[in-house]
Each structure stands twice: as structure tokens, then as C-alpha cells.
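Chemist: Sharing target_29.cif below, mmCIF, C-alpha atoms and all ligand atoms:
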data_entry
#
loop_
_atom_site.label_atom_id
_atom_site.label_comp_id
_atom_site.auth_asym_id
_atom_site.auth_seq_id
_atom_site.Cartn_x
_atom_site.Cartn_y
_atom_site.Cartn_z
CA MET A 1026 -42.80 -24.94 -120.83
CA GLY A 1027 -42.69 -26.07 -117.21
CA LYS A 1028 -43.91 -29.39 -115.97
CA GLY A 1029 -47.52 -29.12 -114.87
CA GLU A 1030 -48.44 -26.38 -117.34
CA VAL A 1031 -51.34 -27.12 -119.58
CA THR A 1032 -51.26 -26.29 -123.27
CA ALA A 1033 -54.30 -28.11 -124.62
CA ARG A 1034 -57.71 -28.99 -123.30
CA SER A 1035 -60.72 -30.96 -124.28
CA GLY A 1036 -63.58 -30.99 -121.80
CA PRO A 1037 -63.40 -30.82 -118.05
CA GLY A 1038 -62.26 -34.40 -117.60
CA TYR A 1039 -58.76 -33.61 -118.81
CA LEU A 1040 -58.07 -32.14 -115.39
CA LEU A 1041 -58.08 -35.58 -113.80
CA GLY A 1042 -56.93 -37.36 -116.89
CA GLN A 1043 -59.97 -38.05 -119.00
CA HIS A 1044 -59.38 -40.60 -121.71
CA ILE A 1045 -60.97 -39.30 -124.90
CA PRO A 1046 -60.81 -42.01 -127.57
CA SER A 1047 -61.76 -39.67 -130.45
CA GLN A 1048 -58.99 -37.19 -129.65
CA ARG A 1049 -55.83 -39.19 -129.57
CA SER A 1050 -53.70 -36.64 -131.39
CA THR A 1051 -50.81 -35.36 -129.34
CA ALA A 1052 -49.62 -32.94 -132.01
CA SER A 1053 -50.22 -29.80 -129.96
CA VAL A 1054 -49.60 -31.40 -126.61
CA THR A 1055 -46.23 -30.73 -125.09
CA ASN A 1056 -46.93 -31.37 -121.43
CA ARG A 1057 -46.15 -34.91 -120.34
CA GLN A 1058 -49.30 -35.39 -118.27
CA MET A 1059 -51.40 -34.12 -121.17
CA GLN A 1060 -49.70 -36.61 -123.50
CA ILE A 1061 -50.59 -39.40 -121.10
CA GLU A 1062 -54.17 -38.19 -120.69
CA PHE A 1063 -54.75 -37.89 -124.41
CA GLY A 1064 -53.86 -41.53 -124.91
CA GLY A 1065 -50.51 -40.82 -126.52
CA ASN A 1066 -49.14 -44.25 -125.56
CA VAL A 1067 -46.90 -42.61 -123.00
CA ALA A 1068 -46.19 -45.13 -120.28
CA LEU A 1069 -45.22 -43.78 -116.89
CA THR A 1070 -41.57 -44.29 -116.03
CA ARG A 1071 -40.75 -46.37 -112.94
CA GLU A 1072 -39.92 -43.17 -111.07
CA GLU A 1073 -43.25 -41.61 -112.09
CA GLU A 1074 -45.13 -44.74 -111.01
CA ALA A 1075 -43.38 -44.66 -107.65
CA ALA A 1076 -44.09 -40.93 -107.22
CA PHE A 1077 -47.76 -41.40 -108.14
CA SER A 1078 -48.04 -44.33 -105.73
CA ARG A 1079 -46.56 -42.24 -102.89
CA PHE A 1080 -48.95 -39.39 -103.73
CA GLU A 1081 -51.96 -41.75 -103.61
CA LYS A 1082 -50.79 -43.45 -100.43
CA THR A 1083 -50.29 -40.16 -98.59
CA GLY A 1084 -53.67 -39.01 -99.87
CA TRP A 1085 -55.54 -42.11 -98.70
CA GLU A 1086 -53.88 -42.15 -95.30
CA ARG A 1087 -55.28 -38.63 -94.85
CA ALA A 1088 -58.67 -39.09 -96.51
CA ALA A 1089 -59.88 -42.43 -95.07
CA GLN A 1090 -62.46 -41.01 -92.65
CA ALA A 1091 -63.58 -38.19 -94.97
CA PHE A 1092 -64.03 -40.64 -97.86
CA HIS A 1093 -66.09 -42.88 -95.60
CA ASP A 1094 -68.28 -39.97 -94.46
CA HIS A 1095 -68.83 -38.41 -97.88
CA TRP A 1096 -68.36 -41.12 -100.49
CA GLY A 1097 -69.16 -44.34 -98.61
CA PRO A 1098 -72.97 -44.04 -98.98
CA LEU A 1099 -72.40 -43.57 -102.72
CA THR A 1100 -69.85 -46.23 -103.61
CA ALA A 1101 -71.67 -48.83 -101.49
CA GLN A 1102 -74.64 -48.49 -103.87
CA SER A 1103 -72.90 -50.60 -106.52
CA SER A 1104 -71.56 -53.31 -104.18
CA GLY A 1105 -74.44 -55.65 -105.05
CA ALA A 1106 -73.98 -55.21 -108.82
CA LEU A 1107 -70.23 -55.75 -108.44
CA LEU A 1108 -70.73 -58.99 -106.50
CA ASP A 1109 -73.37 -60.18 -108.98
CA ALA A 1110 -70.96 -59.54 -111.87
CA ALA A 1111 -68.36 -61.65 -110.05
CA GLY A 1112 -70.91 -64.40 -109.35
CA VAL A 1113 -70.36 -64.17 -105.59
CA GLY A 1114 -72.47 -66.52 -103.50
CA SER A 1115 -72.46 -68.36 -100.21
CA GLY A 1116 -69.28 -70.26 -99.39
CA HIS A 1117 -67.16 -68.49 -102.05
CA LYS A 1118 -63.70 -67.17 -101.24
CA VAL A 1119 -63.70 -63.50 -102.23
CA LEU A 1120 -60.90 -60.92 -102.30
CA ASP A 1121 -61.92 -57.24 -102.22
CA VAL A 1122 -58.89 -55.25 -103.46
CA ALA A 1123 -58.62 -51.54 -102.53
CA THR A 1124 -61.35 -52.22 -99.99
CA GLY A 1125 -61.34 -48.78 -98.31
CA ALA A 1126 -63.75 -48.97 -95.37
CA GLY A 1127 -64.75 -52.45 -96.56
CA TYR A 1128 -68.21 -52.02 -98.13
CA VAL A 1129 -67.81 -54.65 -100.84
CA ALA A 1130 -66.10 -57.18 -98.56
CA ALA A 1131 -68.89 -56.70 -96.00
CA ALA A 1132 -71.59 -57.12 -98.66
CA ALA A 1133 -69.90 -60.35 -99.79
CA SER A 1134 -69.79 -61.56 -96.22
CA ASP A 1135 -73.53 -60.79 -95.92
CA ARG A 1136 -74.02 -63.22 -98.82
CA GLY A 1137 -72.30 -65.94 -96.83
CA ALA A 1138 -68.99 -65.63 -98.69
CA HIS A 1139 -65.58 -65.86 -96.98
CA ALA A 1140 -64.40 -62.36 -97.76
CA ILE A 1141 -61.13 -60.62 -97.15
CA GLY A 1142 -60.57 -56.90 -97.78
CA LEU A 1143 -57.12 -55.65 -98.80
CA ASP A 1144 -55.87 -52.07 -98.88
CA PHE A 1145 -52.43 -50.44 -98.97
CA SER A 1146 -53.46 -47.69 -96.54
CA SER A 1147 -53.16 -48.49 -92.84
CA SER A 1148 -55.78 -45.89 -91.92
CA GLN A 1149 -58.24 -47.48 -94.36
CA VAL A 1150 -57.60 -50.95 -92.92
CA GLU A 1151 -57.97 -49.62 -89.36
CA LEU A 1152 -61.25 -47.92 -90.30
CA ALA A 1153 -62.57 -51.04 -92.08
CA ARG A 1154 -61.87 -53.14 -88.99
CA GLN A 1155 -63.85 -50.67 -86.87
CA VAL A 1156 -66.79 -50.45 -89.27
CA TYR A 1157 -67.01 -54.21 -90.01
CA PRO A 1158 -65.37 -56.04 -87.09
CA GLU A 1159 -66.73 -59.38 -88.31
CA VAL A 1160 -64.86 -59.17 -91.66
CA LEU A 1161 -61.15 -59.87 -92.26
CA PHE A 1162 -59.00 -56.99 -93.49
CA GLN A 1163 -55.31 -56.78 -94.18
CA ARG A 1164 -52.75 -54.45 -95.66
CA GLY A 1165 -51.33 -55.13 -99.08
CA THR A 1166 -50.92 -53.67 -102.51
CA ALA A 1167 -52.98 -54.43 -105.62
CA ASP A 1168 -49.95 -55.00 -107.84
CA SER A 1169 -48.37 -57.65 -105.61
CA LEU A 1170 -51.16 -59.59 -103.91
CA PRO A 1171 -50.00 -61.47 -100.80
CA PHE A 1172 -51.85 -64.69 -101.75
CA ASP A 1173 -51.04 -67.98 -103.46
CA ASP A 1174 -52.09 -68.73 -107.02
CA ALA A 1175 -55.68 -69.99 -107.51
CA THR A 1176 -56.89 -69.04 -104.03
CA PHE A 1177 -60.15 -67.14 -104.72
CA ASP A 1178 -63.48 -67.77 -106.47
CA ALA A 1179 -63.83 -64.03 -107.12
CA VAL A 1180 -61.70 -60.89 -107.00
CA VAL A 1181 -63.52 -57.55 -106.86
CA MET A 1182 -62.35 -53.95 -106.76
CA GLY A 1183 -64.68 -50.99 -106.11
CA PHE A 1184 -63.37 -47.68 -107.52
CA GLY A 1185 -59.74 -48.71 -107.19
CA MET A 1186 -58.43 -49.22 -110.76
CA ASN A 1187 -58.26 -45.45 -111.36
CA HIS A 1188 -55.89 -45.05 -108.41
CA LEU A 1189 -53.25 -47.54 -109.49
CA PRO A 1190 -49.96 -46.64 -111.20
CA ASP A 1191 -50.09 -49.91 -113.17
CA ALA A 1192 -53.65 -51.26 -113.28
CA GLU A 1193 -52.65 -53.91 -115.85
CA LEU A 1194 -50.33 -55.46 -113.29
CA ALA A 1195 -53.18 -55.45 -110.75
CA ALA A 1196 -55.44 -57.22 -113.27
CA ALA A 1197 -52.69 -59.82 -113.88
CA GLU A 1198 -52.42 -60.33 -110.14
CA ALA A 1199 -56.20 -60.78 -109.88
CA TYR A 1200 -55.93 -63.43 -112.62
CA ARG A 1201 -53.11 -65.21 -110.79
CA VAL A 1202 -54.95 -65.51 -107.45
CA LEU A 1203 -58.25 -66.59 -109.07
CA LYS A 1204 -59.24 -70.23 -109.34
CA PRO A 1205 -59.97 -71.37 -112.92
CA GLY A 1206 -63.48 -70.19 -113.83
CA GLY A 1207 -63.40 -67.37 -111.25
CA TRP A 1208 -64.44 -63.80 -112.02
CA PHE A 1209 -62.65 -60.46 -111.68
CA ALA A 1210 -65.07 -57.51 -111.50
CA PHE A 1211 -64.40 -53.84 -110.88
CA THR A 1212 -66.15 -50.47 -110.85
CA VAL A 1213 -64.73 -47.07 -111.81
CA TRP A 1214 -66.39 -43.68 -112.26
CA ALA A 1215 -68.20 -43.12 -115.55
CA PRO A 1216 -66.72 -40.25 -117.62
CA PRO A 1217 -67.82 -36.75 -116.54
CA ARG A 1218 -71.03 -35.36 -118.05
CA ASP A 1219 -72.97 -32.14 -117.57
CA GLY A 1220 -75.47 -32.30 -114.71
CA GLU A 1221 -73.66 -35.20 -113.02
CA GLY A 1222 -71.32 -34.99 -110.03
CA PHE A 1223 -67.95 -35.32 -111.77
CA GLY A 1224 -69.02 -33.11 -114.67
CA ILE A 1225 -70.22 -30.37 -112.32
CA VAL A 1226 -67.03 -30.35 -110.24
CA LEU A 1227 -64.54 -30.60 -113.09
CA SER A 1228 -66.34 -27.94 -115.15
CA ALA A 1229 -66.30 -25.61 -112.13
CA ILE A 1230 -62.57 -26.18 -111.62
CA GLU A 1231 -61.90 -25.69 -115.30
CA SER A 1232 -63.83 -22.44 -115.59
CA GLY A 1233 -62.88 -20.99 -112.21
CA GLY A 1234 -59.57 -22.55 -111.38
CA ALA A 1235 -55.95 -22.14 -112.25
CA PRO A 1236 -55.31 -25.50 -113.94
CA ASN A 1237 -51.51 -25.39 -113.86
CA VAL A 1238 -51.42 -27.27 -110.59
CA GLU A 1239 -48.45 -29.52 -109.83
CA LEU A 1240 -49.83 -33.07 -109.73
CA PRO A 1241 -47.59 -36.05 -110.39
CA PRO A 1242 -48.01 -37.65 -113.83
CA ALA A 1243 -50.73 -40.25 -113.50
CA PRO A 1244 -52.65 -42.70 -115.67
CA PRO A 1245 -55.83 -41.21 -117.21
CA TYR A 1246 -58.44 -41.12 -114.46
CA PHE A 1247 -61.42 -42.31 -116.52
CA GLN A 1248 -59.69 -44.78 -118.86
CA PHE A 1249 -61.23 -47.91 -117.33
CA ALA A 1250 -64.72 -46.63 -118.10
CA ASP A 1251 -63.81 -47.22 -121.77
CA ALA A 1252 -64.88 -50.72 -122.87
CA GLU A 1253 -62.14 -50.80 -125.54
CA ILE A 1254 -59.41 -50.25 -122.99
CA VAL A 1255 -60.97 -52.70 -120.54
CA ASN A 1256 -61.08 -55.35 -123.29
CA ARG A 1257 -57.49 -54.73 -124.30
CA VAL A 1258 -56.14 -54.84 -120.74
CA LEU A 1259 -58.19 -57.82 -119.54
CA GLU A 1260 -57.52 -59.80 -122.73
CA SER A 1261 -53.81 -59.17 -122.34
CA CYS A 1262 -54.12 -60.80 -118.89
CA ARG A 1263 -55.92 -63.79 -120.54
CA PHE A 1264 -59.40 -63.00 -119.15
CA GLY A 1265 -62.39 -64.00 -121.28
CA ASP A 1266 -66.16 -63.24 -121.28
CA ILE A 1267 -65.35 -59.54 -120.79
CA THR A 1268 -68.19 -57.03 -120.43
CA THR A 1269 -68.54 -53.37 -119.40
CA ARG A 1270 -71.77 -51.58 -118.49
CA ILE A 1271 -72.99 -48.47 -116.71
CA VAL A 1272 -74.56 -48.76 -113.24
CA PRO A 1273 -76.63 -45.74 -112.13
CA GLN A 1274 -75.84 -44.31 -108.70
CA TYR A 1275 -77.23 -41.19 -106.98
CA TRP A 1276 -75.62 -39.13 -104.23
CA GLN A 1277 -78.25 -37.91 -101.75
CA HIS A 1278 -77.22 -34.55 -100.30
CA THR A 1279 -79.04 -32.25 -97.87
CA THR A 1280 -77.04 -29.09 -98.64
CA PRO A 1281 -75.79 -27.71 -101.98
CA ASP A 1282 -72.23 -27.52 -100.61
CA GLN A 1283 -71.80 -31.22 -99.86
CA LEU A 1284 -70.57 -31.94 -103.37
CA PHE A 1285 -67.72 -29.43 -103.07
CA ASP A 1286 -66.93 -30.69 -99.54
CA ALA A 1287 -66.79 -34.31 -100.71
CA PHE A 1288 -64.19 -33.51 -103.36
CA ASN A 1289 -62.33 -31.03 -101.18
CA GLU A 1290 -61.98 -33.42 -98.24
CA GLY A 1291 -62.51 -37.01 -99.30
CA ALA A 1292 -60.61 -37.55 -102.55
CA VAL A 1293 -56.95 -37.52 -103.61
CA ARG A 1294 -56.28 -36.02 -107.07
CA ALA A 1295 -59.34 -33.71 -107.00
CA THR A 1296 -58.62 -32.72 -103.41
CA ALA A 1297 -55.03 -31.79 -104.26
CA MET A 1298 -56.29 -29.77 -107.19
CA LEU A 1299 -58.90 -27.90 -105.14
CA ARG A 1300 -56.70 -27.27 -102.14
CA SER A 1301 -53.89 -25.84 -104.20
CA GLN A 1302 -56.13 -23.04 -105.54
CA PRO A 1303 -55.91 -19.60 -103.93
CA PRO A 1304 -58.82 -18.88 -101.50
CA ASP A 1305 -60.67 -16.56 -103.90
CA VAL A 1306 -60.50 -19.15 -106.70
CA GLN A 1307 -61.68 -21.85 -104.29
CA ALA A 1308 -64.64 -19.65 -103.36
CA THR A 1309 -65.50 -19.17 -107.05
CA ILE A 1310 -65.35 -22.92 -107.64
CA ARG A 1311 -67.49 -23.63 -104.57
CA MET A 1312 -70.10 -21.13 -105.78
CA ALA A 1313 -70.16 -22.57 -109.32
CA ILE A 1314 -70.67 -26.08 -107.93
CA ARG A 1315 -73.37 -24.88 -105.54
CA ASN A 1316 -75.26 -23.17 -108.39
CA GLU A 1317 -75.30 -26.37 -110.44
CA VAL A 1318 -76.31 -28.55 -107.49
CA MET A 1319 -79.19 -26.15 -106.69
CA LYS A 1320 -80.66 -27.06 -110.10
CA LEU A 1321 -80.94 -30.68 -108.90
CA GLY A 1322 -82.83 -29.74 -105.71
CA VAL A 1323 -86.27 -31.08 -104.85
CA ASP A 1324 -87.88 -30.24 -101.49
CA GLY A 1325 -84.56 -29.13 -100.00
CA ARG A 1326 -82.76 -32.33 -101.03
CA PHE A 1327 -80.30 -32.81 -103.85
CA GLU A 1328 -79.96 -36.00 -105.86
CA ILE A 1329 -76.72 -36.00 -107.83
CA PRO A 1330 -76.13 -38.62 -110.52
CA MET A 1331 -72.72 -40.34 -110.11
CA PRO A 1332 -72.85 -43.39 -112.41
CA ALA A 1333 -70.27 -46.15 -112.26
CA ALA A 1334 -68.83 -48.26 -115.08
CA LEU A 1335 -68.78 -51.94 -114.09
CA SER A 1336 -66.53 -54.41 -115.90
CA SER A 1337 -65.90 -58.09 -115.45
CA GLY A 1338 -63.87 -60.89 -116.98
CA ARG A 1339 -63.48 -64.60 -116.26
CA LYS A 1340 -60.40 -66.75 -115.84
CA VAL A 1341 -61.43 -69.14 -118.56
CA ASN A 1342 -58.67 -71.71 -118.12
C1 LIG A 1401 -61.84 -44.63 -104.00
S1 LIG A 1401 -61.34 -45.63 -102.66
C2 LIG A 1401 -62.48 -46.98 -102.84
C3 LIG A 1401 -62.75 -47.71 -101.56
C4 LIG A 1401 -63.81 -48.78 -101.62
N1 LIG A 1401 -63.42 -49.90 -102.44
C5 LIG A 1401 -65.13 -48.23 -102.09
O1 LIG A 1401 -65.67 -48.75 -103.08
O2 LIG A 1401 -65.63 -47.29 -101.49
C6 LIG A 1401 -59.84 -46.29 -103.27
C7 LIG A 1401 -59.12 -47.18 -102.30
O3 LIG A 1401 -58.02 -47.78 -102.98
C8 LIG A 1401 -56.95 -47.90 -102.08
N2 LIG A 1401 -55.74 -48.07 -102.90
C9 LIG A 1401 -55.20 -47.18 -103.75
N3 LIG A 1401 -54.11 -47.69 -104.34
C10 LIG A 1401 -53.95 -48.96 -103.86
C11 LIG A 1401 -53.03 -49.99 -104.10
N4 LIG A 1401 -52.01 -49.84 -104.95
N5 LIG A 1401 -53.19 -51.18 -103.45
C12 LIG A 1401 -54.21 -51.34 -102.58
N6 LIG A 1401 -55.11 -50.38 -102.29
C13 LIG A 1401 -55.00 -49.20 -102.94
C14 LIG A 1401 -57.01 -46.62 -101.26
O4 LIG A 1401 -56.31 -46.72 -100.04
C15 LIG A 1401 -58.51 -46.48 -101.08
O5 LIG A 1401 -58.95 -47.13 -99.91
#
Would you give me this structure, written as C-alpha cells?
Modeler:
Amino acid sequence: MGKGEVTARSGPGYLLGQHIPSQRSTASVTNRQMQIEFGGNVALTREEEAAFSRFEKTGWERAAQAFHDHWGPLTAQSSGALLDAAGVGSGHKVLDVATGAGYVAAAASDRGAHAIGLDFSSSQVELARQVYPEVLFQRGTADSLPFDDATFDAVVMGFGMNHLPDAELAAAEAYRVLKPGGWFAFTVWAPPRDGEGFGIVLSAIESGGAPNVELPPAPPYFQFADAEIVNRVLESCRFGDITTRIVPQYWQHTTPDQLFDAFNEGAVRATAMLRSQPPDVQATIRMAIRNEVMKLGVDGRFEIPMPAALSSGRKVN
């Protein structure tokens, strides 16, 4: 059995690493990535973490503008909820980790906070500085924050936790740079469901695609939408008052192909998976996605549910 081959499946989310709490058995799973995805307590090795980090970095250097064009109007929808969960108000010092084009940092700044956006991708930081010239942005990585202990009133991260090789380390770093009483809040994508953006795309890839694509082993993509895992990880970093809830978001599209284009151009893991398919398979996937999106059309517009899971915890001492 070669690395990258898939021997077991359970729902479309497995393609990106869906965490499925009720199906933890790894008995029939021989592929390493599948063991990780099925919650088999398989930690990535240092080499795998480094390889995954390089894969993500290369992906984000390429996808910065496309993510901004396709995904920015979507992810920015939960900026307010994220800042509310972190108690951000005027005069607060706020760190926005994995800032991308800077939506959350800019929203914090609009509230009168002193915000700084941090991202490990130079093209993201460059883009953020163009889009929000009045906000501070700098390069840096989530697992080794370039700030002193107890610097910030709030640390936020929009849709970043699912891109980190070691998100627990990033949470520990957030704890370190927070002042006592400060909040860490983050969003991730809710698990894929039928009739919603991720469910539509992953189902189309699963039914039309050749799933034995070479992707580096990676942490389960949807694990931080699971309140149990969030509790475990944040508690281990000594956070208290931990909550997780779903925040509705809707992608507004004007053509039924925008959903395919967004994943094909503006993501990292899903983009690699789509682009590695042969052209005829890609065309089948595009058509399957288009057919599902058409069902969501009203008056030539398409409103695609893409809910987020929002979690927060407080540095209680
Ligand atoms: C899905 S985008 C989210 C961007 C933005 N926060 C938003 O809500 O739209 C993920 C971002 O995380 C950044 N990122 C990924 N891994 C990172 C790491 N280890 N340290 C810092 N930034 C990282 C990527 O460069 C990218 O800008």
C-alpha cells in the first residue's frame, strides 16, 4: 500500500481530514493520513510537520490574491462575532494571527483597538498592507509569536487553526502573549454538510475524483469545529471559560461556477486536490458542483451556506 492511497472512507470530509468523533476505529485503516484523520492519536512527526508547513506556506504565497477575491467577502462576515467573543473594544491591544488580507485586524481597528495582523506569508502581508494601509501588519508564525509575554488584551485567529501543523502550540503561544483576563478566540469551518459549500465540493470530489492524491500528512481539517477537541486543547493550555458555537455565513455568488473556482484557485489543500485531477475528472467535478449550486439559485443569484465554528477561551490567571 503506497503512501497517499486511501483504503477507508466515511463521508466526504475525510478528503481534507474530517474528524469524526463516532468513528475513531483505525482497525481497517492502513494509510497514515487516514489514521490521523480518523482520530487515531497519530501525532505528526517533526519531519511531517515541517513538510506540511512548507506545503501551506507555498500554497498561501500563491493563493493570497485569489483567496482575497473569492473568500474574503465570506470570512469577513464573522469578524464581528470573533471580536465580540474576544471582548475587543476601544483602546485594546489586539493580535490577529494568520491575518491573511487583514479583515479581522481592520475590523478591530474600526472599533478603536490597537490592532496588529501577523501572517507567515509575505504575499499575504504585502496584500494586507495594500488593502488596509492604516493597520499594522508583520510577518511571523503562529507557533512562535514575536511578542513579549502578557502584551495583548485579545488574540484572535480567523480560519487559521486548520492550517497549522501544531495548533496546540499556537494556542499556548496565544496564552503566553495574552494579559491575564484576556481572551483567545478563533473561527474554523464547520464540518461539511449536504447543501452547504464544503459538503457540495467534497462530495463532488469524492464521487467524481481520484482520491489517491499525494498530499502531505496533515492534522484533520475540521477537528477544531469539535467542541470536545477545542476544550481539551484549550484546557491543556490553561484557558478557562471555553465555549464553541456555530456562526452562520452565506457566500453570495452570481454564477454557479464560482464555488468551484474559489476552491480551485483560492485554497491550499482543496486546490492541490482539485488541480492534481486529470482534466476530464476536473470537468466532472466542476459539473457536479455546478448542479448542486444551481439548486440554491434565486433570481440568478446563489446563496451558499458556509457556517463557521467560533471558539473562545480566557486566560483566567
Ligand atoms: C484561510 S486564510 C485566513 C485569512 C484571514 N484570517 C481570514 O479570516 O480571511 C489562512 C491564513 O493563515 C496563514 N497561515 C497559515 N499558517 C500560518 C502560520 N503557521 N503562521 C502564521 N500564519 C499562517 C496563511 O498565510 C493565510 O493567510
Chemist: From the set A:Ala1196, A:Ile1230, A:Val1272, A:Met1312, which residue has the shortest atom-to-atom contact distance to Val1180 in chain A, counting only C-alpha atoms?
Modeler: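 Between A:Ala1196, A:Ile1230, A:Val1272, A:Met1312, the residue approaching Val1180 in chain A most closely is A:Ala1196.
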Chemist: Measuring between all atoms listed in the file, which one of A:His1093, A:His1188, A:His1139, A:Arg1218 shows the shortest distance to Tyr1246 in chain A?
Modeler: A:His1188
Chemist: Would you mind telling me which residue in A:Gly1322, A:Pro1304, A:Pro1098, A:Pro1205 lies nearest to ligand LIG 1401 (chain A) when using all atoms listed in the file?
Modeler: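 The answer is A:Pro1098, which sits nearest to ligand LIG 1401 (chain A).
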Chemist: Identify which of the residues A:Arg1164, A:Arg1257, A:Arg1071, A:Arg1154 lies closest to ligand LIG 1401 (chain A), counting all atoms listed in the file when measuring atom-to-atom distances.
Modeler: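 Distance minimum relative to ligand LIG 1401 (chain A) lands on A:Arg1164.
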Chemist: Kindly work out which residues sit at most 8 Å from ligand LIG 1401 (chain A), using all atoms listed in the file, and give the list as a count of residues only.
Modeler: 43
Chemist: Need the shell around range 1135-1138 of chain A: protein/DNA/RNA residues with any atom at most 12 Å away, counting all atoms listed in the file. Skip same-chain ones fewer than 4 positions apart. Format as a PyMOL selection string?
Modeler: chain A and resi 1104-1105+1108-1109+1112-1121+1128-1131+1157+1159-1161+1177-1179
Chemist: So what do you get for CA of Glu1290 in chain A versus CA of His1095 in chain A, distance-wise?
Modeler: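 That distance, rounded to one decimal, is 8.5 Å.
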Chemist: May I have the residues within 12 Å of Leu1321 in chain A as a ChimeraX atom specification, using only C-alpha atoms and disregarding those fewer than 2 positions away in the same chain?
Modeler: /A:1219-1222,1225,1275-1281,1284,1314-1319,1323-1330
Chemist: Quote the spacing between CA of Ala1295 in chain A and CA of Glu1231 in chain A in Å to one decimal place.
Modeler: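 So the answer is 11.8 Å.
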Chemist: Using all atoms listed in the file, can you tell me which of A:Ala1287, A:Leu1240, A:Val1258, A:Ala1199 comes closest to Phe1223 in chain A?
Modeler: A:Ala1287
Chemist: Taking N, CA and C atoms as the atom set, what does range 1235-1258 of chain A look like once completed, written as a PDB file, in the frame of the given file?
Modeler:
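Just written: out.pdb:
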ATOM      1  N   ALA A1235     -57.235 -22.272-111.564  1.00  0.00           N
ATOM      2  CA  ALA A1235     -55.950 -22.140-112.250  1.00  0.00           C
ATOM      3  C   ALA A1235     -55.449 -23.550-112.493  1.00  0.00           C
ATOM      4  N   PRO A1236     -55.550 -24.068-113.736  1.00  0.00           N
ATOM      5  CA  PRO A1236     -55.310 -25.500-113.940  1.00  0.00           C
ATOM      6  C   PRO A1236     -53.842 -25.927-113.876  1.00  0.00           C
ATOM      7  N   ASN A1237     -52.909 -24.961-113.846  1.00  0.00           N
ATOM      8  CA  ASN A1237     -51.510 -25.390-113.860  1.00  0.00           C
ATOM      9  C   ASN A1237     -51.027 -25.779-112.459  1.00  0.00           C
ATOM     10  N   VAL A1238     -51.730 -26.777-111.922  1.00  0.00           N
ATOM     11  CA  VAL A1238     -51.420 -27.270-110.590  1.00  0.00           C
ATOM     12  C   VAL A1238     -50.405 -28.398-110.714  1.00  0.00           C
ATOM     13  N   GLU A1239     -49.467 -28.459-109.797  1.00  0.00           N
ATOM     14  CA  GLU A1239     -48.450 -29.520-109.830  1.00  0.00           C
ATOM     15  C   GLU A1239     -49.034 -30.828-109.282  1.00  0.00           C
ATOM     16  N   LEU A1240     -49.439 -31.719-110.154  1.00  0.00           N
ATOM     17  CA  LEU A1240     -49.830 -33.070-109.730  1.00  0.00           C
ATOM     18  C   LEU A1240     -48.838 -34.017-110.383  1.00  0.00           C
ATOM     19  N   PRO A1241     -48.518 -35.120-109.736  1.00  0.00           N
ATOM     20  CA  PRO A1241     -47.590 -36.050-110.390  1.00  0.00           C
ATOM     21  C   PRO A1241     -48.228 -36.650-111.637  1.00  0.00           C
ATOM     22  N   PRO A1242     -47.435 -36.942-112.676  1.00  0.00           N
ATOM     23  CA  PRO A1242     -48.010 -37.650-113.830  1.00  0.00           C
ATOM     24  C   PRO A1242     -48.725 -38.903-113.365  1.00  0.00           C
ATOM     25  N   ALA A1243     -49.892 -39.147-113.953  1.00  0.00           N
ATOM     26  CA  ALA A1243     -50.730 -40.250-113.500  1.00  0.00           C
ATOM     27  C   ALA A1243     -51.459 -40.851-114.688  1.00  0.00           C
ATOM     28  N   PRO A1244     -51.853 -42.123-114.584  1.00  0.00           N
ATOM     29  CA  PRO A1244     -52.650 -42.700-115.670  1.00  0.00           C
ATOM     30  C   PRO A1244     -53.973 -41.948-115.802  1.00  0.00           C
ATOM     31  N   PRO A1245     -54.555 -41.912-117.004  1.00  0.00           N
ATOM     32  CA  PRO A1245     -55.830 -41.210-117.210  1.00  0.00           C
ATOM     33  C   PRO A1245     -56.908 -41.706-116.244  1.00  0.00           C
ATOM     34  N   TYR A1246     -57.534 -40.790-115.570  1.00  0.00           N
ATOM     35  CA  TYR A1246     -58.440 -41.120-114.460  1.00  0.00           C
ATOM     36  C   TYR A1246     -59.636 -41.954-114.909  1.00  0.00           C
ATOM     37  N   PHE A1247     -60.173 -41.655-116.111  1.00  0.00           N
ATOM     38  CA  PHE A1247     -61.420 -42.310-116.520  1.00  0.00           C
ATOM     39  C   PHE A1247     -61.199 -43.423-117.549  1.00  0.00           C
ATOM     40  N   GLN A1248     -59.941 -43.850-117.748  1.00  0.00           N
ATOM     41  CA  GLN A1248     -59.690 -44.780-118.860  1.00  0.00           C
ATOM     42  C   GLN A1248     -60.412 -46.118-118.715  1.00  0.00           C
ATOM     43  N   PHE A1249     -60.604 -46.590-117.481  1.00  0.00           N
ATOM     44  CA  PHE A1249     -61.230 -47.910-117.330  1.00  0.00           C
ATOM     45  C   PHE A1249     -62.749 -47.865-117.378  1.00  0.00           C
ATOM     46  N   ALA A1250     -63.296 -46.702-117.764  1.00  0.00           N
ATOM     47  CA  ALA A1250     -64.720 -46.630-118.100  1.00  0.00           C
ATOM     48  C   ALA A1250     -64.897 -46.869-119.606  1.00  0.00           C
ATOM     49  N   ASP A1251     -63.798 -47.041-120.320  1.00  0.00           N
ATOM     50  CA  ASP A1251     -63.810 -47.220-121.770  1.00  0.00           C
ATOM     51  C   ASP A1251     -63.721 -48.725-122.074  1.00  0.00           C
ATOM     52  N   ALA A1252     -64.807 -49.271-122.644  1.00  0.00           N
ATOM     53  CA  ALA A1252     -64.880 -50.720-122.870  1.00  0.00           C
ATOM     54  C   ALA A1252     -63.716 -51.224-123.727  1.00  0.00           C
ATOM     55  N   GLU A1253     -63.270 -50.396-124.674  1.00  0.00           N
ATOM     56  CA  GLU A1253     -62.140 -50.800-125.540  1.00  0.00           C
ATOM     57  C   GLU A1253     -60.877 -51.043-124.725  1.00  0.00           C
ATOM     58  N   ILE A1254     -60.619 -50.120-123.816  1.00  0.00           N
ATOM     59  CA  ILE A1254     -59.410 -50.250-122.990  1.00  0.00           C
ATOM     60  C   ILE A1254     -59.551 -51.425-122.021  1.00  0.00           C
ATOM     61  N   VAL A1255     -60.738 -51.572-121.451  1.00  0.00           N
ATOM     62  CA  VAL A1255     -60.970 -52.700-120.540  1.00  0.00           C
ATOM     63  C   VAL A1255     -60.716 -54.014-121.281  1.00  0.00           C
ATOM     64  N   ASN A1256     -61.270 -54.125-122.501  1.00  0.00           N
ATOM     65  CA  ASN A1256     -61.080 -55.350-123.290  1.00  0.00           C
ATOM     66  C   ASN A1256     -59.601 -55.616-123.532  1.00  0.00           C
ATOM     67  N   ARG A1257     -58.907 -54.572-123.958  1.00  0.00           N
ATOM     68  CA  ARG A1257     -57.490 -54.730-124.300  1.00  0.00           C
ATOM     69  C   ARG A1257     -56.697 -55.202-123.073  1.00  0.00           C
ATOM     70  N   VAL A1258     -56.934 -54.534-121.941  1.00  0.00           N
ATOM     71  CA  VAL A1258     -56.140 -54.840-120.740  1.00  0.00           C
ATOM     72  C   VAL A1258     -56.511 -56.233-120.199  1.00  0.00           C
TER      73      VAL A1258
END
